[in-house]
$ cat model_36.txt   # compact mmCIF, C-alpha atoms
# COMPACT_ATOMS: atom_id res chain seq x y z
CA MET A 6 2.50 1.54 -1.15
CA LEU A 7 -0.45 1.62 1.25
CA ARG A 8 -1.54 5.17 0.51
CA GLY A 9 -4.56 5.69 -1.70
CA GLY A 10 -7.41 3.97 0.15
CA ARG A 11 -8.54 0.63 -1.24
CA GLY A 12 -6.08 0.97 -4.12
CA GLY A 13 -3.20 0.94 -1.65
CA GLU A 14 -4.60 -2.14 0.04
CA VAL A 15 -4.74 -4.04 -3.26
CA ARG A 16 -1.14 -3.04 -4.06
CA LEU A 17 0.13 -4.29 -0.71
CA LYS A 18 -1.78 -7.58 -0.82
CA LEU A 19 -0.85 -8.25 -4.43
CA TYR A 20 2.83 -7.63 -3.76
CA LEU A 21 2.84 -9.96 -0.76
CA ALA A 22 1.07 -12.59 -2.87
CA LEU A 23 3.73 -12.21 -5.57
CA LEU A 24 6.51 -12.67 -3.00
CA TRP A 25 4.78 -15.81 -1.76
CA ILE A 26 3.99 -17.46 -5.11
CA ALA A 27 7.15 -16.42 -7.00
CA ALA A 28 9.58 -17.24 -4.20
CA SER A 29 11.44 -19.87 -6.24
CA PRO A 30 13.83 -18.96 -9.10
CA PRO A 31 13.36 -17.48 -11.66
CA HIS A 32 10.93 -15.56 -9.40
CA ASP A 33 8.24 -15.11 -12.00
CA VAL A 34 4.55 -15.88 -12.31
CA SER A 35 1.93 -15.57 -15.02
CA PHE A 36 -1.75 -15.46 -14.08
CA PRO A 37 -4.66 -13.45 -15.52
CA ALA A 38 -5.63 -10.36 -13.55
CA ARG A 39 -8.96 -12.02 -12.83
CA ALA A 40 -7.18 -14.89 -11.05
CA TRP A 41 -5.37 -12.41 -8.79
CA ALA A 42 -8.66 -10.65 -8.09
CA GLU A 43 -10.20 -13.98 -7.07
CA LEU A 44 -7.22 -14.83 -4.86
CA LEU A 45 -7.59 -11.48 -3.05
CA ASP A 46 -11.39 -11.96 -2.90
CA LEU A 47 -12.05 -8.65 -4.64
CA PRO A 48 -15.66 -7.88 -5.56
CA ASP A 49 -16.54 -8.38 -9.24
CA PRO A 50 -13.29 -10.21 -10.14
CA ALA A 51 -14.12 -10.27 -13.87
CA GLY A 52 -14.80 -6.53 -13.96
CA ARG A 53 -13.83 -3.93 -11.37
CA GLY A 54 -11.67 -6.41 -9.45
CA GLU A 55 -9.61 -7.15 -12.55
CA ARG A 56 -9.14 -3.43 -13.23
CA ARG A 57 -7.95 -2.85 -9.69
CA VAL A 58 -5.37 -5.61 -10.07
CA ARG A 59 -4.15 -4.14 -13.37
CA ASP A 60 -3.80 -0.74 -11.72
CA ALA A 61 -1.82 -2.33 -8.87
CA ILE A 62 0.49 -4.12 -11.32
CA ASP A 63 1.13 -0.84 -13.19
CA TRP A 64 1.90 0.94 -9.90
CA LEU A 65 4.32 -1.75 -8.75
CA GLU A 66 6.03 -1.78 -12.15
CA LYS A 67 6.50 2.00 -12.20
CA ARG A 68 8.09 1.88 -8.73
CA ARG A 69 10.41 -0.97 -9.86
CA PHE A 70 9.10 -3.59 -7.47
CA ILE A 71 8.36 -5.86 -10.43
CA HIS A 72 9.18 -6.22 -14.12
CA VAL A 73 6.31 -7.11 -16.46
CA GLU A 74 6.51 -8.80 -19.85
CA ARG A 75 3.29 -8.31 -21.80
CA ASN A 76 2.29 -10.60 -24.67
CA SER A 77 -0.85 -10.04 -26.68
CA GLY A 78 -3.50 -12.64 -25.90
CA ARG A 79 -1.61 -14.04 -22.89
CA PRO A 80 -1.47 -13.12 -19.20
CA PRO A 81 1.46 -10.84 -18.36
CA ARG A 82 4.59 -12.50 -17.02
CA ILE A 83 5.63 -10.81 -13.79
CA PHE A 84 9.19 -10.97 -12.46
CA LEU A 85 10.05 -9.95 -8.93
CA LEU A 86 12.65 -7.23 -8.43
CA ARG A 87 14.45 -6.31 -5.21
CA GLU A 88 12.16 -5.06 -2.45
CA ASP A 89 14.12 -1.79 -2.11
CA GLY A 90 12.84 -0.44 -5.43
CA SER A 91 16.33 -0.35 -6.95
CA GLY A 92 15.20 -2.30 -10.01
CA GLU A 93 17.83 -4.99 -9.42
CA PRO A 94 16.87 -8.63 -9.95
CA TYR A 95 15.23 -10.32 -6.98
CA SER A 96 17.32 -12.56 -4.72
CA ILE A 97 16.17 -14.72 -1.84
CA PRO A 98 16.88 -12.97 1.49
CA GLY A 99 19.65 -14.52 3.54
CA LYS A 100 21.51 -15.97 0.55
CA ALA A 101 24.32 -13.42 0.77
CA GLU A 102 27.66 -14.27 2.33
CA HIS A 103 28.70 -12.80 5.64
CA GLY A 104 30.56 -9.51 5.58
CA LYS A 105 34.10 -8.97 6.87
CA ASP A 106 32.73 -8.45 10.37
CA GLY A 107 31.07 -11.89 10.26
CA LYS A 108 27.56 -10.47 10.04
CA PHE A 109 25.01 -10.40 7.26
CA PRO A 110 24.65 -7.02 5.53
CA SER A 111 21.60 -5.13 6.82
CA GLU A 112 19.76 -5.56 3.50
CA HIS A 113 19.76 -9.32 4.07
CA LEU A 114 18.07 -9.19 7.46
CA TYR A 115 14.47 -10.24 7.05
CA LYS A 116 11.35 -11.67 8.68
CA THR A 117 8.93 -14.13 7.12
CA LEU A 118 5.18 -14.53 7.10
CA PRO A 119 4.00 -18.08 7.78
CA PRO A 120 2.24 -19.89 4.91
CA THR A 121 -0.97 -19.70 6.95
CA PHE A 122 -1.08 -15.96 6.23
CA TRP A 123 -2.57 -17.11 2.91
CA THR A 124 -3.75 -20.67 3.50
CA ALA A 125 -5.78 -19.64 6.57
CA GLY A 126 -7.11 -16.55 4.80
CA TRP A 127 -5.46 -13.80 6.85
CA GLY A 128 -4.22 -12.11 3.69
CA VAL A 129 -7.83 -11.77 2.55
CA VAL A 130 -9.72 -10.83 5.71
CA LEU A 131 -7.22 -8.33 7.12
CA SER A 132 -7.29 -4.74 5.92
CA GLY A 133 -4.25 -3.02 4.46
CA ALA A 134 -3.74 -1.09 7.71
CA ALA A 135 -3.80 -4.27 9.79
CA ILE A 136 -1.32 -6.00 7.46
CA ALA A 137 1.01 -3.00 7.61
CA ILE A 138 1.00 -3.08 11.43
CA LEU A 139 1.50 -6.86 11.38
CA LEU A 140 4.58 -6.45 9.16
CA ALA A 141 5.97 -3.67 11.35
CA LEU A 142 5.51 -5.70 14.53
CA LEU A 143 7.12 -8.75 12.91
CA GLN A 144 10.13 -6.55 12.20
CA LEU A 145 10.20 -5.33 15.82
CA ASP A 146 9.56 -8.80 17.26
CA ARG A 147 11.94 -9.84 20.04
CA SER A 148 13.65 -13.22 20.09
CA ASP A 149 12.85 -13.61 23.81
CA GLY A 150 9.13 -13.28 23.16
CA GLU A 151 8.73 -10.15 25.26
CA ALA A 152 6.24 -7.47 24.26
CA VAL A 153 7.60 -4.52 22.27
CA TRP A 154 6.94 -0.81 22.35
CA VAL A 155 7.10 1.73 19.54
CA SER A 156 6.33 5.43 19.72
CA PRO A 157 4.17 7.16 17.08
CA ALA A 158 7.24 9.13 15.97
CA GLU A 159 9.26 5.93 15.56
CA ALA A 160 6.41 4.31 13.61
CA ARG A 161 6.42 7.24 11.19
CA ARG A 162 10.22 7.34 10.86
CA ARG A 163 10.86 3.64 10.37
CA PHE A 164 7.71 2.48 8.63
CA GLY A 165 5.97 5.60 7.29
CA LEU A 166 2.87 4.73 9.32
CA SER A 167 0.60 7.48 10.61
CA GLU A 168 -0.83 7.40 14.13
CA ASP A 169 -4.29 6.84 12.64
CA THR A 170 -3.09 3.80 10.65
CA TRP A 171 -1.34 2.40 13.71
CA THR A 172 -4.46 2.80 15.86
CA LYS A 173 -6.80 1.36 13.23
CA GLY A 174 -4.53 -1.55 12.30
CA SER A 175 -3.65 -2.57 15.86
CA LYS A 176 -7.32 -2.42 16.89
CA GLU A 177 -8.22 -4.80 14.05
CA LEU A 178 -5.40 -7.20 14.93
CA ARG A 179 -6.62 -7.27 18.54
CA ALA A 180 -10.18 -8.00 17.41
CA ARG A 181 -8.88 -10.92 15.31
CA GLY A 182 -6.92 -12.37 18.22
CA LEU A 183 -3.58 -11.71 16.54
CA LEU A 184 -2.32 -9.04 18.94
CA THR A 185 -2.23 -8.39 22.67
CA VAL A 186 -1.86 -4.77 23.77
CA GLY A 187 -0.68 -4.13 27.32
CA ARG A 188 0.21 -1.13 29.44
CA LYS A 189 3.61 -0.66 31.04
CA PRO A 190 4.65 2.12 33.44
CA VAL A 191 7.46 4.32 32.16
CA SER A 192 8.07 6.72 35.02
CA GLU A 193 6.33 8.46 37.90
CA GLU A 194 6.75 12.15 38.69
CA PHE A 195 4.88 14.17 41.32
CA GLY A 196 2.40 11.36 41.79
CA TRP A 197 1.61 11.15 38.04
CA ARG A 198 2.47 7.87 36.37
CA ARG A 199 3.36 7.74 32.69
CA VAL A 200 2.44 4.53 30.86
CA ARG A 201 2.90 3.28 27.34
CA ASN A 202 1.32 0.61 25.17
CA THR A 203 3.19 -2.63 24.57
CA TYR A 204 2.48 -5.02 21.70
CA GLN A 205 2.83 -8.78 21.48
CA LEU A 206 1.87 -10.78 18.39
CA ALA A 207 -0.01 -14.06 18.80
CA HIS A 208 2.24 -16.15 16.58
CA ASP A 209 0.33 -19.31 17.44
CA VAL A 210 -2.91 -17.80 16.12
CA LEU A 211 -1.20 -16.50 12.98
CA ALA A 212 0.30 -19.92 12.29
CA SER A 213 -2.94 -21.80 12.91
CA GLU A 214 -5.03 -23.19 10.04
CA GLN A 215 -8.23 -22.64 12.02
$ encode --input "model_36.txt" --output "structure tokens"
Amino acid sequence: MLRGGRGGEVRLKLYLALLWIAASPPHDVSFPARAWAELLDLPDPAGRGERRVRDAIDWLEKRRFIHVERNSGRPPRIFLLREDGSGEPYSIPGKAEHGKDGKFPSEHLYKTLPPTFWTAGWGVVLSGAAIAILLALLQLDRSDGEAVWVSPAEARRRFGLSEDTWTKGSKELRARGLLTVGRKPVSEEFGWRRVRNTYQLAHDVLASEQ
């Protein structure tokens, strides 16, 4: 979703906005493309910004993240579909019953963004790369609050994120006060110490309205 420069960034931000606004059944929303462009603070919302939103809607529809009903003279009505791209109707995560082993199925494990992601403007000021790293680190977040570590290979395998995107996005999150990056020794051989980066999200900053 993120690939394609600024087009990928608009797709990601628009989809997150749709998940936020259309969270309640029947999981649909109907706003003009210009309104979405204004929400995302795109330049020239009545012109180029509107076209970028329409392109993002078309992309999301083709990949079966959303279903769009188009009516002449009216804004399109957008329905959420399942996040896995299966084309199945959207359902609120966590609503499924436990499996036979007493656990939720893996597809119902989820993390949430706080409302301040939008109300405090993080969804506007952060780049697509920074948002992608934020989402990945939320997924990796530990319940005990300890910092996490992820290798470049693991980032590519689990999240499809390149090393360049990880570096760029994490650097931006640090600059915004949303991320602390530390260094932790891994091993020491022949007097040479191996270290790795650890990452800890500043949840208090993310949840703040300031």
$ atom_distance --input "model_36.txt" --atom1 "CA of Trp171 in chain A" --atom2 "CA of Ala22 in chain A"
22.5 Å
$ atom_distance --input "model_36.txt" --atom1 "CA of Thr170 in chain A" --atom2 "CA of Gly90 in chain A"
23.0 Å
$ atom_distance --input "model_36.txt" --atom1 "CA of Trp154 in chain A" --atom2 "CA of Val210 in chain A"
20.6 Å
$ residues_around --input "model_36.txt" --residues "Ala134 in chain A" --least-positions-apart "2" --cutoff "9 Å" --atoms "all atoms listed in the file" --output "list in words"
Leu7, Glu14, Leu131, Ser132, Ile136, Ala137, Ile138, Leu139, Leu166, Thr170, Trp171, Lys173, Gly174, Ser175 and Glu177 of chain A
$ residues_around --input "model_36.txt" --residues "Ala125 in chain A" --least-positions-apart "4" --cutoff "9 Å" --atoms "all atoms listed in the file" --output "list of chain:residue names"
A:Pro120, A:Thr121, A:Leu211, A:Ala212, A:Ser213, A:Glu214, A:Gln215
$ residues_around --input "model_36.txt" --residues "Leu47 in chain A" --least-positions-apart "2" --cutoff "12 Å" --atoms "only C-alpha atoms" --output "JSON list (two decimals) with C-alpha atoms, in the coordinates of the input"
[["chain", "number", "residue", "atom", "x", "y", "z"],
["A", 11, "ARG", "CA", -8.54, 0.63, -1.24],
["A", 12, "GLY", "CA", -6.08, 0.97, -4.12],
["A", 14, "GLU", "CA", -4.60, -2.14, 0.04],
["A", 15, "VAL", "CA", -4.74, -4.04, -3.26],
["A", 18, "LYS", "CA", -1.78, -7.58, -0.82],
["A", 19, "LEU", "CA", -0.85, -8.25, -4.43],
["A", 38, "ALA", "CA", -5.63, -10.36, -13.55],
["A", 39, "ARG", "CA", -8.96, -12.02, -12.83],
["A", 40, "ALA", "CA", -7.18, -14.89, -11.05],
["A", 41, "TRP", "CA", -5.37, -12.41, -8.79],
["A", 42, "ALA", "CA", -8.66, -10.65, -8.09],
["A", 43, "GLU", "CA", -10.20, -13.98, -7.07],
["A", 44, "LEU", "CA", -7.22, -14.83, -4.86],
["A", 45, "LEU", "CA", -7.59, -11.48, -3.05],
["A", 49, "ASP", "CA", -16.54, -8.38, -9.24],
["A", 50, "PRO", "CA", -13.29, -10.21, -10.14],
["A", 51, "ALA", "CA", -14.12, -10.27, -13.87],
["A", 52, "GLY", "CA", -14.80, -6.53, -13.96],
["A", 53, "ARG", "CA", -13.83, -3.93, -11.37],
["A", 54, "GLY", "CA", -11.67, -6.41, -9.45],
["A", 55, "GLU", "CA", -9.61, -7.15, -12.55],
["A", 56, "ARG", "CA", -9.14, -3.43, -13.23],
["A", 57, "ARG", "CA", -7.95, -2.85, -9.69],
["A", 58, "VAL", "CA", -5.37, -5.61, -10.07],
["A", 128, "GLY", "CA", -4.22, -12.11, 3.69],
["A", 129, "VAL", "CA", -7.83, -11.77, 2.55],
["A", 130, "VAL", "CA", -9.72, -10.83, 5.71]]
$ closest_residue --input "model_36.txt" --among "A:Asp146, A:Ala207, A:Ser29, A:Leu24" --to "Arg181 in chain A" --atoms "all atoms listed in the file"
A:Ala207
$ residues_around --input "model_36.txt" --residues "Ile97 in chain A" --least-positions-apart "5" --cutoff "10 Å" --atoms "all atoms listed in the file" --output "PyMOL selection string"
chain A and resi 24+28-30+32+87+113
$ closest_residue --input "model_36.txt" --among "A:His208, A:Arg69, A:Gly182, A:Ala141" --to "Glu159 in chain A" --atoms "all atoms listed in the file"
A:Ala141
$ build_atoms --input "model_36.txt" --residues "range 156-173 of chain A" --atoms "N, CA and C atoms" --output "PDB file, keeping the file's coordinate frame"
ATOM      1  N   SER A 156       7.003   4.140  19.621  1.00  0.00           N
ATOM      2  CA  SER A 156       6.330   5.430  19.720  1.00  0.00           C
ATOM      3  C   SER A 156       5.736   5.814  18.372  1.00  0.00           C
ATOM      4  N   PRO A 157       4.722   6.696  18.361  1.00  0.00           N
ATOM      5  CA  PRO A 157       4.170   7.160  17.080  1.00  0.00           C
ATOM      6  C   PRO A 157       5.231   7.777  16.170  1.00  0.00           C
ATOM      7  N   ALA A 158       6.182   8.512  16.770  1.00  0.00           N
ATOM      8  CA  ALA A 158       7.240   9.130  15.970  1.00  0.00           C
ATOM      9  C   ALA A 158       8.132   8.077  15.330  1.00  0.00           C
ATOM     10  N   GLU A 159       8.430   7.006  16.093  1.00  0.00           N
ATOM     11  CA  GLU A 159       9.260   5.930  15.560  1.00  0.00           C
ATOM     12  C   GLU A 159       8.528   5.171  14.460  1.00  0.00           C
ATOM     13  N   ALA A 160       7.214   4.986  14.634  1.00  0.00           N
ATOM     14  CA  ALA A 160       6.410   4.310  13.610  1.00  0.00           C
ATOM     15  C   ALA A 160       6.437   5.090  12.304  1.00  0.00           C
ATOM     16  N   ARG A 161       6.367   6.407  12.402  1.00  0.00           N
ATOM     17  CA  ARG A 161       6.420   7.240  11.190  1.00  0.00           C
ATOM     18  C   ARG A 161       7.809   7.192  10.567  1.00  0.00           C
ATOM     19  N   ARG A 162       8.851   7.280  11.395  1.00  0.00           N
ATOM     20  CA  ARG A 162      10.220   7.340  10.860  1.00  0.00           C
ATOM     21  C   ARG A 162      10.625   6.032  10.210  1.00  0.00           C
ATOM     22  N   ARG A 163      10.372   4.912  10.863  1.00  0.00           N
ATOM     23  CA  ARG A 163      10.860   3.640  10.370  1.00  0.00           C
ATOM     24  C   ARG A 163       9.951   3.008   9.320  1.00  0.00           C
ATOM     25  N   PHE A 164       8.645   3.206   9.486  1.00  0.00           N
ATOM     26  CA  PHE A 164       7.710   2.480   8.630  1.00  0.00           C
ATOM     27  C   PHE A 164       6.778   3.380   7.823  1.00  0.00           C
ATOM     28  N   GLY A 165       6.853   4.692   8.024  1.00  0.00           N
ATOM     29  CA  GLY A 165       5.970   5.600   7.290  1.00  0.00           C
ATOM     30  C   GLY A 165       4.513   5.432   7.656  1.00  0.00           C
ATOM     31  N   LEU A 166       4.238   4.989   8.879  1.00  0.00           N
ATOM     32  CA  LEU A 166       2.870   4.730   9.320  1.00  0.00           C
ATOM     33  C   LEU A 166       2.356   5.886  10.174  1.00  0.00           C
ATOM     34  N   SER A 167       1.191   6.401   9.832  1.00  0.00           N
ATOM     35  CA  SER A 167       0.600   7.480  10.610  1.00  0.00           C
ATOM     36  C   SER A 167       0.025   6.930  11.911  1.00  0.00           C
ATOM     37  N   GLU A 168      -0.235   7.821  12.861  1.00  0.00           N
ATOM     38  CA  GLU A 168      -0.830   7.400  14.130  1.00  0.00           C
ATOM     39  C   GLU A 168      -2.215   6.793  13.908  1.00  0.00           C
ATOM     40  N   ASP A 169      -2.950   7.357  12.944  1.00  0.00           N
ATOM     41  CA  ASP A 169      -4.290   6.840  12.640  1.00  0.00           C
ATOM     42  C   ASP A 169      -4.212   5.411  12.099  1.00  0.00           C
ATOM     43  N   THR A 170      -3.252   5.151  11.188  1.00  0.00           N
ATOM     44  CA  THR A 170      -3.090   3.800  10.650  1.00  0.00           C
ATOM     45  C   THR A 170      -2.678   2.837  11.741  1.00  0.00           C
ATOM     46  N   TRP A 171      -1.780   3.272  12.625  1.00  0.00           N
ATOM     47  CA  TRP A 171      -1.340   2.400  13.710  1.00  0.00           C
ATOM     48  C   TRP A 171      -2.515   2.050  14.624  1.00  0.00           C
ATOM     49  N   THR A 172      -3.316   3.046  14.974  1.00  0.00           N
ATOM     50  CA  THR A 172      -4.460   2.800  15.860  1.00  0.00           C
ATOM     51  C   THR A 172      -5.476   1.876  15.195  1.00  0.00           C
ATOM     52  N   LYS A 173      -5.816   2.168  13.955  1.00  0.00           N
ATOM     53  CA  LYS A 173      -6.800   1.360  13.230  1.00  0.00           C
ATOM     54  C   LYS A 173      -6.312  -0.065  13.031  1.00  0.00           C
TER      55      LYS A 173
END
